[in-house]
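Chemist: My file is work37.cif. It has mmCIF, C-alpha atoms:
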data_final
loop_
_atom_site.label_atom_id
_atom_site.label_comp_id
_atom_site.auth_asym_id
_atom_site.auth_seq_id
_atom_site.Cartn_x
_atom_site.Cartn_y
_atom_site.Cartn_z
CA MET A 1386 139.38 20.36 -14.01
CA GLN A 1387 136.60 22.96 -13.43
CA PRO A 1388 137.73 25.55 -16.07
CA MET A 1389 137.71 22.79 -18.65
CA ASN A 1390 134.15 21.68 -17.80
CA LEU A 1391 132.78 25.19 -17.93
CA GLN A 1392 134.29 25.70 -21.36
CA ARG A 1393 132.66 22.57 -22.70
CA ARG A 1394 129.22 23.56 -21.37
CA LEU A 1395 129.40 26.95 -23.01
CA SER A 1396 130.38 25.43 -26.33
CA LEU A 1397 127.41 23.00 -26.17
CA ALA A 1398 124.91 25.77 -25.40
CA VAL A 1399 126.13 27.87 -28.30
CA ALA A 1400 125.75 24.88 -30.61
CA VAL A 1401 122.15 24.29 -29.53
CA LEU A 1402 121.20 27.95 -30.03
CA VAL A 1403 122.72 28.00 -33.50
CA THR A 1404 120.83 24.85 -34.46
CA ALA A 1405 117.48 26.17 -33.17
CA PHE A 1406 117.92 29.46 -34.94
CA SER A 1407 118.71 27.61 -38.16
CA LEU A 1408 115.57 25.52 -37.90
CA VAL A 1409 113.23 28.43 -37.13
CA GLY A 1410 114.67 30.64 -39.76
CA GLY A 1411 114.48 27.92 -42.40
CA SER A 1412 110.81 27.02 -41.66
CA CYS A 1413 109.59 30.57 -41.84
CA SER A 1414 111.21 31.09 -45.13
CA LYS A 1415 110.49 27.75 -46.93
CA GLN A 1416 107.18 25.84 -45.74
CA ASP A 1417 104.00 25.96 -43.55
CA PRO A 1418 103.81 22.93 -41.25
CA LEU A 1419 99.89 23.21 -41.15
CA ALA A 1420 99.49 23.47 -44.87
CA GLY A 1421 96.64 21.19 -46.17
CA GLN A 1422 95.00 20.89 -42.79
CA ALA A 1423 91.32 21.74 -42.20
CA GLU A 1424 90.56 25.30 -41.22
CA ASN A 1425 89.48 24.40 -37.73
CA ILE A 1426 92.74 22.58 -37.14
CA ARG A 1427 94.81 25.52 -38.48
CA ASN A 1428 92.77 27.79 -36.21
CA GLY A 1429 93.04 25.53 -33.24
CA VAL A 1430 89.26 24.85 -33.05
CA PRO A 1431 88.47 21.45 -31.45
CA PRO A 1432 86.41 19.02 -33.57
CA THR A 1433 83.40 19.36 -31.23
CA GLN A 1434 83.10 23.01 -32.19
CA LYS A 1435 82.91 22.36 -35.92
CA GLY A 1436 80.41 24.45 -37.94
CA ASP A 1437 77.81 23.46 -40.66
CA ASP A 1438 80.34 21.67 -42.79
CA ARG A 1439 80.22 18.79 -40.27
CA ASN A 1440 76.63 17.74 -41.51
CA PRO A 1441 76.70 14.12 -42.67
CA PRO A 1442 75.45 13.41 -46.21
CA ALA A 1443 71.70 12.64 -46.56
CA SER A 1444 70.75 8.94 -46.66
CA GLU A 1445 67.72 6.64 -46.39
CA GLU A 1446 68.50 6.30 -42.70
CA MET A 1447 67.13 9.79 -42.31
CA LEU A 1448 63.67 8.62 -43.46
CA ARG A 1449 61.18 7.25 -40.95
CA ILE A 1450 57.72 5.56 -41.21
CA ARG A 1451 55.68 5.36 -38.06
CA ALA A 1452 52.75 2.89 -37.95
CA ALA A 1453 51.38 -0.01 -35.95
CA ASP A 1454 53.05 -3.40 -36.30
CA TYR A 1455 49.78 -4.74 -37.73
CA ILE A 1456 46.26 -3.39 -38.27
CA SER A 1457 42.91 -5.13 -37.71
CA PHE A 1458 39.68 -4.41 -39.56
CA HIS A 1459 36.18 -5.93 -39.42
CA GLU A 1460 33.84 -6.45 -42.34
CA GLY A 1461 31.11 -3.87 -42.49
CA ALA A 1462 32.68 -1.68 -39.79
CA GLU A 1463 34.73 1.48 -40.34
CA GLY A 1464 38.30 1.13 -39.12
CA LYS A 1465 40.99 3.80 -38.65
CA THR A 1466 44.74 3.83 -38.14
CA THR A 1467 47.55 6.40 -38.31
CA ILE A 1468 50.48 6.13 -40.70
CA THR A 1469 53.01 8.99 -40.66
CA GLY A 1470 56.52 9.61 -41.99
CA ALA A 1471 59.46 11.89 -41.27
CA PHE A 1472 62.66 13.18 -42.91
CA LEU A 1473 65.31 13.94 -40.31
CA GLN A 1474 67.73 15.81 -42.60
CA ALA A 1475 67.66 19.60 -42.68
CA VAL A 1476 66.99 21.06 -46.13
CA ASN A 1477 68.68 24.36 -47.02
CA GLY A 1478 68.98 25.20 -43.38
CA HIS A 1479 65.34 24.55 -42.41
CA GLU A 1480 63.36 21.63 -41.04
CA PRO A 1481 61.83 19.46 -43.79
CA VAL A 1482 58.22 20.28 -44.69
CA LEU A 1483 55.76 17.44 -45.44
CA GLY A 1484 54.39 17.78 -48.95
CA GLN A 1485 57.13 20.22 -49.89
CA ASP A 1486 60.39 18.46 -49.11
CA TYR A 1487 59.07 14.91 -48.68
CA GLU A 1488 55.81 12.94 -48.90
CA VAL A 1489 54.18 9.83 -47.44
CA VAL A 1490 52.20 7.70 -49.91
CA VAL A 1491 50.06 4.53 -49.62
CA THR A 1492 51.04 3.05 -52.94
CA ASN A 1493 48.40 0.28 -53.02
CA LEU A 1494 45.44 2.35 -51.80
CA ALA A 1495 43.37 1.03 -54.74
CA ASP A 1496 43.54 -2.46 -53.20
CA PHE A 1497 41.27 -1.23 -50.40
CA LYS A 1498 37.91 -0.34 -51.94
CA ASN A 1499 36.71 3.13 -50.87
CA ALA A 1500 39.65 3.57 -48.47
CA LYS A 1501 41.05 7.06 -47.84
CA TYR A 1502 44.46 8.27 -46.67
CA ASP A 1503 45.20 11.82 -45.50
CA MET A 1504 48.95 12.49 -45.78
CA GLN A 1505 48.81 15.56 -43.55
CA THR A 1506 47.11 13.85 -40.62
CA GLY A 1507 48.33 10.34 -41.38
CA GLU A 1508 44.78 8.95 -40.98
CA PHE A 1509 43.93 5.81 -42.95
CA VAL A 1510 40.18 5.03 -43.02
CA TRP A 1511 38.60 1.90 -44.52
CA THR A 1512 35.36 -0.06 -44.22
CA PRO A 1513 35.82 -3.59 -45.60
CA GLU A 1514 32.73 -4.57 -47.55
CA LYS A 1515 30.64 -7.57 -46.60
CA GLY A 1516 32.01 -10.74 -48.14
CA TYR A 1517 35.60 -9.49 -48.29
CA THR A 1518 36.87 -12.57 -46.46
CA GLU A 1519 34.72 -14.81 -48.67
CA GLN A 1520 33.97 -18.03 -46.74
CA ASN A 1521 36.84 -17.54 -44.29
CA TYR A 1522 36.86 -16.11 -40.79
CA THR A 1523 39.85 -13.89 -41.63
CA LYS A 1524 41.74 -12.64 -44.64
CA GLN A 1525 45.23 -11.13 -44.69
CA ALA A 1526 46.36 -8.16 -46.75
CA HIS A 1527 49.03 -5.45 -46.46
CA ILE A 1528 49.31 -1.69 -46.78
CA ASP A 1529 52.31 -0.58 -48.83
CA VAL A 1530 53.72 2.74 -47.54
CA THR A 1531 56.53 4.81 -49.03
CA VAL A 1532 58.18 7.96 -47.67
CA ALA A 1533 60.34 9.81 -50.22
CA THR A 1534 62.09 13.13 -50.72
CA LEU A 1535 60.82 15.52 -53.37
CA ALA A 1536 64.13 17.23 -54.20
CA PRO A 1537 67.73 16.07 -54.62
CA PRO A 1538 69.05 13.98 -53.19
CA ILE A 1539 66.08 11.75 -54.11
CA LEU A 1540 65.69 9.15 -51.41
CA GLY A 1541 62.92 6.68 -50.57
CA LYS A 1542 61.98 4.08 -48.02
CA SER A 1543 59.09 1.56 -48.13
CA ILE A 1544 57.48 -0.90 -45.75
CA GLN A 1545 54.49 -3.27 -45.78
CA ILE A 1546 52.09 -3.13 -42.84
CA PRO A 1547 50.21 -6.44 -42.24
CA VAL A 1548 46.41 -6.14 -42.26
CA TRP A 1549 43.96 -8.69 -40.83
CA VAL A 1550 40.29 -8.50 -41.78
CA THR A 1551 37.86 -10.57 -39.75
CA ARG A 1552 34.59 -11.80 -41.20
CA GLY A 1553 31.56 -9.76 -40.32
CA ALA A 1554 28.16 -11.21 -39.58
CA LEU A 1555 27.25 -12.39 -43.09
CA VAL A 1556 23.59 -12.53 -42.26
CA PRO A 1557 21.66 -14.55 -44.85
CA GLU A 1558 18.70 -13.02 -46.63
CA VAL A 1559 15.33 -14.40 -47.71
CA VAL A 1560 15.18 -13.10 -51.26
CA ASN A 1561 11.91 -14.48 -52.59
CA ILE A 1562 8.84 -16.55 -51.70
CA SER A 1563 7.17 -17.55 -54.95
CA LEU A 1564 3.59 -18.17 -53.78
CA ASP A 1565 1.22 -16.33 -56.12
CA GLU A 1566 -0.48 -13.59 -54.10
CA THR A 1567 -3.09 -12.96 -56.81
CA ARG A 1568 -4.52 -16.46 -56.54
CA THR A 1569 -7.21 -17.67 -54.12
CA TYR A 1570 -6.24 -20.97 -52.52
CA ARG A 1571 -8.78 -23.47 -51.18
CA GLU A 1572 -8.91 -25.58 -48.12
CA GLY A 1573 -8.36 -29.08 -49.35
CA ASP A 1574 -5.77 -28.10 -51.98
CA SER A 1575 -2.89 -30.52 -51.94
CA ALA A 1576 0.79 -30.02 -52.70
CA VAL A 1577 0.73 -26.55 -54.22
CA PRO A 1578 4.43 -26.15 -55.18
CA PHE A 1579 6.44 -22.99 -54.59
CA THR A 1580 10.02 -21.99 -53.78
CA ILE A 1581 11.85 -20.01 -51.12
CA THR A 1582 15.13 -18.43 -52.27
CA VAL A 1583 17.86 -17.54 -49.76
CA ARG A 1584 21.07 -15.58 -50.36
CA ASP A 1585 23.96 -16.79 -48.19
CA ALA A 1586 27.48 -15.59 -49.03
CA SER A 1587 29.00 -17.73 -46.27
CA ALA A 1588 27.52 -21.00 -47.51
CA LEU A 1589 29.17 -23.87 -49.32
CA ASN A 1590 27.25 -26.49 -51.27
CA GLN A 1591 28.24 -29.21 -48.84
CA ASP A 1592 26.56 -30.99 -45.97
CA ASN A 1593 26.18 -28.82 -42.87
CA MET A 1594 27.42 -25.76 -44.79
CA ARG A 1595 24.23 -24.83 -46.65
CA PRO A 1596 21.67 -22.42 -45.21
CA ARG A 1597 18.48 -23.69 -43.64
CA ILE A 1598 15.10 -22.08 -43.13
CA GLU A 1599 12.47 -21.90 -40.42
CA ILE A 1600 8.75 -21.45 -41.09
CA LEU A 1601 7.22 -19.22 -38.45
CA SER A 1602 3.90 -17.67 -37.65
CA ALA A 1603 3.57 -14.22 -39.14
CA ASN A 1604 3.71 -11.20 -36.88
CA SER A 1605 -0.01 -10.72 -36.54
CA THR A 1606 -2.50 -10.64 -33.69
CA LYS A 1607 -5.00 -12.58 -35.77
CA THR A 1608 -4.93 -16.25 -34.85
CA SER A 1609 -6.23 -17.30 -38.26
CA TYR A 1610 -3.53 -15.28 -40.01
CA ASN A 1611 -0.79 -17.26 -38.33
CA ALA A 1612 -2.35 -20.65 -39.01
CA LEU A 1613 -0.88 -20.99 -42.49
CA ALA A 1614 2.57 -21.82 -41.10
CA ASN A 1615 1.35 -25.34 -40.33
CA ALA A 1616 0.48 -25.89 -43.98
CA VAL A 1617 3.97 -25.06 -45.34
CA ARG A 1618 6.17 -28.11 -45.78
CA TYR A 1619 9.38 -29.14 -47.51
CA GLN A 1620 9.21 -30.86 -50.83
CA TYR A 1621 12.97 -31.42 -50.57
CA GLU A 1622 14.91 -30.40 -47.46
CA VAL A 1623 18.24 -29.95 -49.28
CA PRO A 1624 18.27 -26.72 -51.31
CA THR A 1625 19.69 -26.44 -54.80
CA VAL A 1626 22.23 -23.83 -55.87
CA ASP A 1627 21.17 -21.26 -58.44
CA GLN A 1628 23.02 -21.80 -61.71
CA LYS A 1629 23.78 -18.10 -62.20
CA ASP A 1630 24.53 -17.04 -58.62
CA PRO A 1631 26.33 -19.54 -56.35
CA ASN A 1632 25.24 -17.56 -53.29
CA LEU A 1633 21.55 -18.25 -53.97
CA TYR A 1634 19.99 -21.39 -52.52
CA VAL A 1635 16.51 -22.49 -53.62
CA PHE A 1636 14.25 -24.52 -51.33
CA LYS A 1637 11.42 -26.45 -52.98
CA MET A 1638 8.31 -26.24 -50.81
CA VAL A 1639 4.61 -27.16 -50.93
CA LEU A 1640 1.54 -25.50 -49.50
CA ASP A 1641 -0.54 -28.45 -48.30
CA LEU A 1642 -4.09 -27.43 -47.39
CA ARG A 1643 -5.45 -30.92 -47.01
CA ASP A 1644 -7.23 -31.51 -43.70
CA GLN A 1645 -6.74 -27.86 -42.84
CA GLU A 1646 -9.49 -25.90 -41.12
CA LEU A 1647 -8.34 -22.32 -41.63
CA THR A 1648 -11.33 -20.09 -42.36
CA LYS A 1649 -15.12 -20.11 -42.29
CA THR A 1650 -15.41 -18.11 -45.49
CA LYS A 1651 -12.39 -16.41 -47.07
CA ASP A 1652 -9.47 -14.75 -45.32
CA THR A 1653 -5.94 -13.48 -45.80
CA LEU A 1654 -3.61 -15.94 -44.14
CA GLY A 1655 0.14 -15.82 -43.79
CA PHE A 1656 3.40 -17.17 -42.50
CA SER A 1657 6.98 -15.92 -42.27
CA VAL A 1658 10.37 -17.34 -43.20
CA ARG A 1659 13.73 -16.92 -41.50
CA ALA A 1660 17.05 -18.11 -42.95
CA ILE A 1661 19.95 -19.35 -40.84
CA ASN A 1662 23.53 -19.78 -42.09
CA ARG A 1663 26.04 -22.42 -41.06
CA TYR A 1664 27.37 -20.19 -38.27
CA GLY A 1665 23.96 -19.85 -36.66
CA GLU A 1666 23.43 -16.27 -37.81
CA SER A 1667 19.84 -15.64 -38.83
CA SER A 1668 18.15 -13.24 -41.20
CA SER A 1669 15.22 -11.06 -40.40
CA SER A 1670 11.91 -12.80 -40.99
CA VAL A 1671 10.05 -12.18 -44.22
CA ALA A 1672 6.26 -12.46 -44.19
CA LYS A 1673 4.10 -13.89 -46.96
CA SER A 1674 0.33 -13.72 -47.16
CA VAL A 1675 -2.22 -15.26 -49.53
CA VAL A 1676 -6.00 -15.51 -49.71
CA VAL A 1677 -7.47 -18.83 -48.63
CA ALA A 1678 -11.15 -19.68 -49.07
CA THR A 1679 -13.16 -22.40 -47.45
CA SER A 1680 -14.18 -25.51 -49.35
CA LEU A 1681 -17.36 -27.54 -49.22
CA ARG A 1682 -17.62 -30.78 -47.30
CA PRO A 1683 -20.34 -33.38 -47.45
CA PRO A 1684 -23.20 -32.52 -45.08
CA ILE A 1685 -24.31 -34.89 -42.40
CA THR A 1686 -27.87 -36.14 -41.74
CA THR A 1687 -29.35 -37.65 -38.61
CA LEU A 1688 -31.12 -40.27 -40.68
CA GLY A 1689 -30.32 -43.76 -39.55
CA ASP A 1690 -32.16 -47.06 -39.77
CA ALA A 1691 -35.62 -47.38 -41.24
CA ILE A 1692 -38.29 -45.35 -39.45
CA ASP A 1693 -41.52 -47.15 -38.52
CA VAL A 1694 -44.72 -45.62 -39.85
CA VAL A 1695 -48.28 -46.99 -39.47
CA ARG A 1696 -50.60 -47.05 -42.43
CA GLY A 1697 -53.89 -45.33 -41.99
CA GLU A 1698 -52.46 -43.10 -39.25
CA GLU A 1699 -50.68 -39.71 -39.14
CA ASN A 1700 -46.89 -40.20 -38.85
CA THR A 1701 -44.25 -37.57 -38.16
CA ILE A 1702 -40.60 -38.09 -39.18
CA ASN A 1703 -38.00 -35.62 -37.90
CA PHE A 1704 -34.35 -35.37 -39.01
CA SER A 1705 -31.63 -32.76 -39.53
CA VAL A 1706 -29.14 -31.95 -42.27
CA TYR A 1707 -26.11 -29.92 -41.18
CA ASP A 1708 -22.56 -28.83 -41.92
CA PRO A 1709 -20.38 -29.74 -38.93
CA PHE A 1710 -17.98 -26.89 -39.78
CA ASN A 1711 -20.73 -24.29 -40.11
CA GLU A 1712 -19.22 -23.02 -43.35
CA SER A 1713 -22.03 -23.51 -45.87
CA PHE A 1714 -25.65 -22.77 -46.61
CA ILE A 1715 -27.79 -25.89 -46.95
CA THR A 1716 -31.01 -26.44 -48.87
CA VAL A 1717 -33.08 -29.65 -49.04
CA ASP A 1718 -35.30 -30.72 -51.94
CA PHE A 1719 -37.84 -33.46 -51.27
CA ASN A 1720 -38.38 -34.12 -54.96
CA ARG A 1721 -42.22 -34.06 -55.04
CA CYS A 1722 -43.21 -34.71 -51.47
CA ASP A 1723 -46.69 -35.68 -52.66
CA ARG A 1724 -45.30 -38.84 -54.15
CA MET A 1725 -44.12 -40.36 -50.92
CA GLY A 1726 -45.82 -43.65 -51.57
CA MET A 1727 -49.00 -44.80 -53.14
CA GLY A 1728 -51.02 -41.93 -51.80
CA GLY A 1729 -52.15 -40.33 -48.59
CA GLY A 1730 -51.63 -36.90 -47.18
CA THR A 1731 -48.03 -35.69 -47.10
CA ASN A 1732 -46.27 -32.55 -45.96
CA CYS A 1733 -42.50 -32.02 -46.12
CA VAL A 1734 -40.74 -28.97 -44.74
CA CYS A 1735 -37.25 -27.91 -43.55
CA VAL A 1736 -36.58 -24.84 -41.47
CA THR A 1737 -33.39 -23.22 -40.35
CA SER A 1738 -32.18 -23.52 -36.80
CA ARG A 1739 -31.82 -19.75 -36.60
CA THR A 1740 -34.32 -16.98 -36.96
CA GLN A 1741 -32.18 -14.89 -39.31
CA GLY A 1742 -31.01 -15.99 -42.71
CA ALA A 1743 -29.88 -19.33 -43.97
CA THR A 1744 -27.59 -21.37 -41.80
CA SER A 1745 -25.56 -24.52 -41.90
CA THR A 1746 -28.27 -26.59 -40.19
CA MET A 1747 -31.72 -27.51 -41.50
CA ASN A 1748 -34.33 -29.17 -39.29
CA CYS A 1749 -36.69 -31.17 -41.46
CA THR A 1750 -40.11 -32.75 -40.89
CA ILE A 1751 -42.11 -35.19 -43.01
CA ASN A 1752 -45.78 -35.67 -42.13
CA TRP A 1753 -47.32 -38.69 -43.88
CA LYS A 1754 -50.56 -40.59 -43.44
CA PRO A 1755 -50.23 -43.66 -45.63
CA LEU A 1756 -53.46 -45.07 -47.04
CA ALA A 1757 -54.84 -48.13 -45.37
CA THR A 1758 -54.03 -49.93 -48.55
CA GLN A 1759 -50.35 -48.89 -48.47
CA LYS A 1760 -48.21 -51.90 -49.10
CA LEU A 1761 -46.48 -53.10 -45.99
CA GLY A 1762 -42.68 -53.04 -45.92
CA THR A 1763 -40.06 -50.42 -46.67
CA VAL A 1764 -40.60 -47.23 -48.60
CA ASP A 1765 -37.59 -45.13 -49.62
CA LYS A 1766 -37.88 -41.41 -50.21
CA GLU A 1767 -34.91 -39.78 -51.91
CA ILE A 1768 -34.08 -36.21 -50.94
CA SER A 1769 -31.55 -33.88 -52.60
CA ILE A 1770 -29.20 -31.76 -50.46
CA THR A 1771 -27.29 -28.76 -51.83
CA SER A 1772 -24.49 -26.94 -50.00
CA THR A 1773 -23.06 -23.58 -51.02
CA THR A 1774 -20.36 -21.50 -49.36
CA LYS A 1775 -21.17 -18.37 -47.43
CA ILE A 1776 -18.79 -16.37 -49.60
CA PRO A 1777 -20.64 -13.74 -51.65
CA ASN A 1778 -20.29 -14.32 -55.40
CA ASP A 1779 -18.09 -17.33 -54.79
CA THR A 1780 -17.09 -19.13 -57.95
CA LEU A 1781 -16.93 -22.50 -56.25
CA ALA A 1782 -19.60 -24.83 -57.59
CA PRO A 1783 -22.24 -25.95 -55.06
CA PHE A 1784 -21.80 -29.32 -53.44
CA GLN A 1785 -24.70 -31.65 -54.17
CA THR A 1786 -25.55 -34.99 -52.64
CA LYS A 1787 -28.54 -37.23 -52.04
CA ALA A 1788 -29.93 -38.98 -49.00
CA ILE A 1789 -32.55 -41.64 -48.45
CA VAL A 1790 -35.38 -41.43 -45.94
CA ARG A 1791 -36.29 -45.08 -45.36
CA MET A 1792 -39.67 -45.86 -43.80
CA ASN A 1793 -40.96 -49.22 -42.64
CA VAL A 1794 -44.76 -49.37 -43.18
CA LEU A 1795 -46.59 -51.31 -40.47
CA PRO A 1796 -50.22 -52.26 -40.13
CA SER A 1797 -52.36 -50.30 -37.69
CA ALA A 1798 -53.45 -51.78 -34.38
CA THR A 1799 -57.11 -51.90 -35.47
CA GLU A 1800 -56.43 -54.01 -38.47
CA SER A 1801 -57.61 -57.69 -38.14
CA GLN A 1802 -54.78 -60.02 -37.46
CA PRO A 1803 -54.50 -63.17 -39.54
CA THR A 1804 -55.88 -66.40 -37.88
CA PRO A 1805 -53.07 -68.57 -36.70
CA ALA A 1806 -52.76 -71.89 -38.46
CA PRO A 1807 -53.98 -74.89 -36.38
CA THR A 1808 -51.34 -76.86 -34.63
CA ALA A 1809 -51.10 -80.42 -35.86
CA THR A 1810 -51.49 -83.20 -33.28
CA PRO A 1811 -48.67 -85.69 -33.38
CA VAL A 1812 -49.61 -89.18 -34.34
CA GLY A 1813 -50.23 -91.43 -31.33
CA ALA A 1814 -50.84 -88.54 -28.99
CA GLN A 1815 -53.71 -89.03 -26.55
#
Just give me the structure of the file as structure tokens.
Modeler:
Amino acid sequence: MQPMNLQRRLSLAVAVLVTAFSLVGGSCSKQDPLAGQAENIRNGVPPTQKGDDRNPPASEEMLRIRAADYISFHEGAEGKTTITGAFLQAVNGHEPVLGQDYEVVVTNLADFKNAKYDMQTGEFVWTPEKGYTEQNYTKQAHIDVTVATLAPPILGKSIQIPVWVTRGALVPEVVNISLDETRTYREGDSAVPFTITVRDASALNQDNMRPRIEILSANSTKTSYNALANAVRYQYEVPTVDQKDPNLYVFKMVLDLRDQELTKTKDTLGFSVRAINRYGESSSSVAKSVVVATSLRPPITTLGDAIDVVRGEENTINFSVYDPFNESFITVDFNRCDRMGMGGGTNCVCVTSRTQGATSTMNCTINWKPLATQKLGTVDKEISITSTTKIPNDTLAPFQTKAIVRMNVLPSATESQPTPAPTATPVGAQ
């Protein structure tokens, strides 16, 4: 049994060797089992050790834009933000260079008036102008940004960055006060019309949305200067909108100088105006000044009821003529004092109450000795009173009036009295 088994094993081994030799010899002479394989595989290099030919093809995924999720700006205030880009793909074996291999562009920069963008630093600077949000608290916009390659393969990527602009303090402005500064106004003038014009970009021509104004004392240490504010009144409280500019509101006003005691002669008086918009934001005050001159008022006399005088005796009558406001010069004309009555000695004189110059008060005296034959009863003496202002070269006409000095002529004590009529005795009296 054993010799037979050994023989079989030897035969099998020879057969295997012959087959292996046939296979190896045939492969070497007819084909390469690694033909068509990549070089690294033929060389036994693992995939992780692959060289430059393993770079993936360039795509938009290699482009990046870095910016805030949203950007806030404020009207009238400079705002800044940073917007940058990147290209992550190597170019000809070197890192990409901004401005040479790729660029970052704000494509709608013109939508932001006076805005600037620096591609190298990524800084975006903008100051929204006043009124950008119109009548709204906020207004939304967007910045369009594109990063793109400058050489093949041409690739690009764009995004929109939300922008919120909040309304600035749209402070109203007093544009014009139409009172004529070349004119001299007078105390006593009534309803002199003028207008106050206000610019308010935040206003709407609706109730509670229009601007309003305040009349204030002017910024002056002179008390009289500030007094004019009390004479400025509304003609209509609701302003009208200018036909050419919807942001202009015109207030119709009057300067009412009736019953106003503002100056003794002539002075520059003023007031100021401040505008307030519907949000409570106020403008700076604007002052207005005009010249106001005093006016003439009727003088007052101390003459009252008839004054008793005795004929044949010396009588003295005293009275005064005065301006209660002390604003005028007063003169008195007795219109021929010598013709007081039917004769007798007369003397009429008025003197000022001050030692220097004319004043607003005249103290007058009439001395009259009526003749003994003067008719008993009342005698009226008309006097003329003229008032002029204390303003040098004033064009205002003098104020003229008349007054009556009424005298009641009585008999003297030495004159014989008439005999009383006898009293009749009643019939039947004892």
Chemist: Let me know the residues the PyMOL selection byres ((chain A and resi 1710) around 9) catches in the file above, as a ChimeraX atom specification.
Modeler: /A:1646,1649,1682,1707-1709,1711-1713,1745
Chemist: Would you list the contacts of A:Gln1505 as a PyMOL selection string, taking every protein, DNA or RNA residue within 9 Å and counting all atoms listed in the file, but skipping same-chain residues closer than 3 positions in sequence?
Modeler: chain A and resi 1469+1483-1484+1489+1508
Chemist: Name every residue that the PyMOL selection byres ((chain A and resi 1534-1545) around 7) selects in this structure, writing the answer as a ChimeraX atom specification with chains first and numbers rising.
Modeler: /A:1444-1445,1448,1485-1488,1527-1533,1546-1547
Chemist: Check the smallest atom-to-atom distance from each of A:Ser1705, A:Asn1593, A:Asn1748, A:Asn1700 to A:Tyr1664 using all atoms listed in the file, then report the winner.
Modeler: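 Closest candidate: A:Asn1593.
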Chemist: Which one of A:Phe1472, A:Tyr1570, A:Phe1458, A:Tyr1502 sits closest to A:Ala1526 if you count only C-alpha atoms?
Modeler: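 Between A:Phe1472, A:Tyr1570, A:Phe1458, A:Tyr1502, the residue approaching A:Ala1526 most closely is A:Phe1458.
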Chemist: Skipping near chain neighbours, those fewer than 4 positions away, what residues fall within 12 Å of A:Thr1518 using only C-alpha atoms, listed as a PyMOL selection string?
Modeler: chain A and resi 1458-1461+1513-1514+1522-1526+1549-1555+1586-1587
Chemist: Give me the residues near stretch 1762-1773 of chain A as number ranges by chain, where near means some atom within 10 Å (using all atoms listed in the file) and where sequence neighbours in that chain fewer than 2 positions away do not count.
Modeler: A: 1680-1686, 1691-1694, 1706-1708, 1712-1722, 1724-1727, 1745, 1759-1760, 1775-1776, 1779, 1781-1796
Chemist: In terms of the shortest atom-to-atom distance over only C-alpha atoms, which of A:Leu1756, A:Val1626, A:Cys1733, A:Met1447 is closest to A:Val1476?
Modeler: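 Of all the options, A:Met1447 lies closest to A:Val1476.
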Chemist: If you measure from atom CA of A:Val1560 to atom CA of A:Ile1581, what distance in Å do you get, rounded to one decimal?
Modeler: 7.7 Å
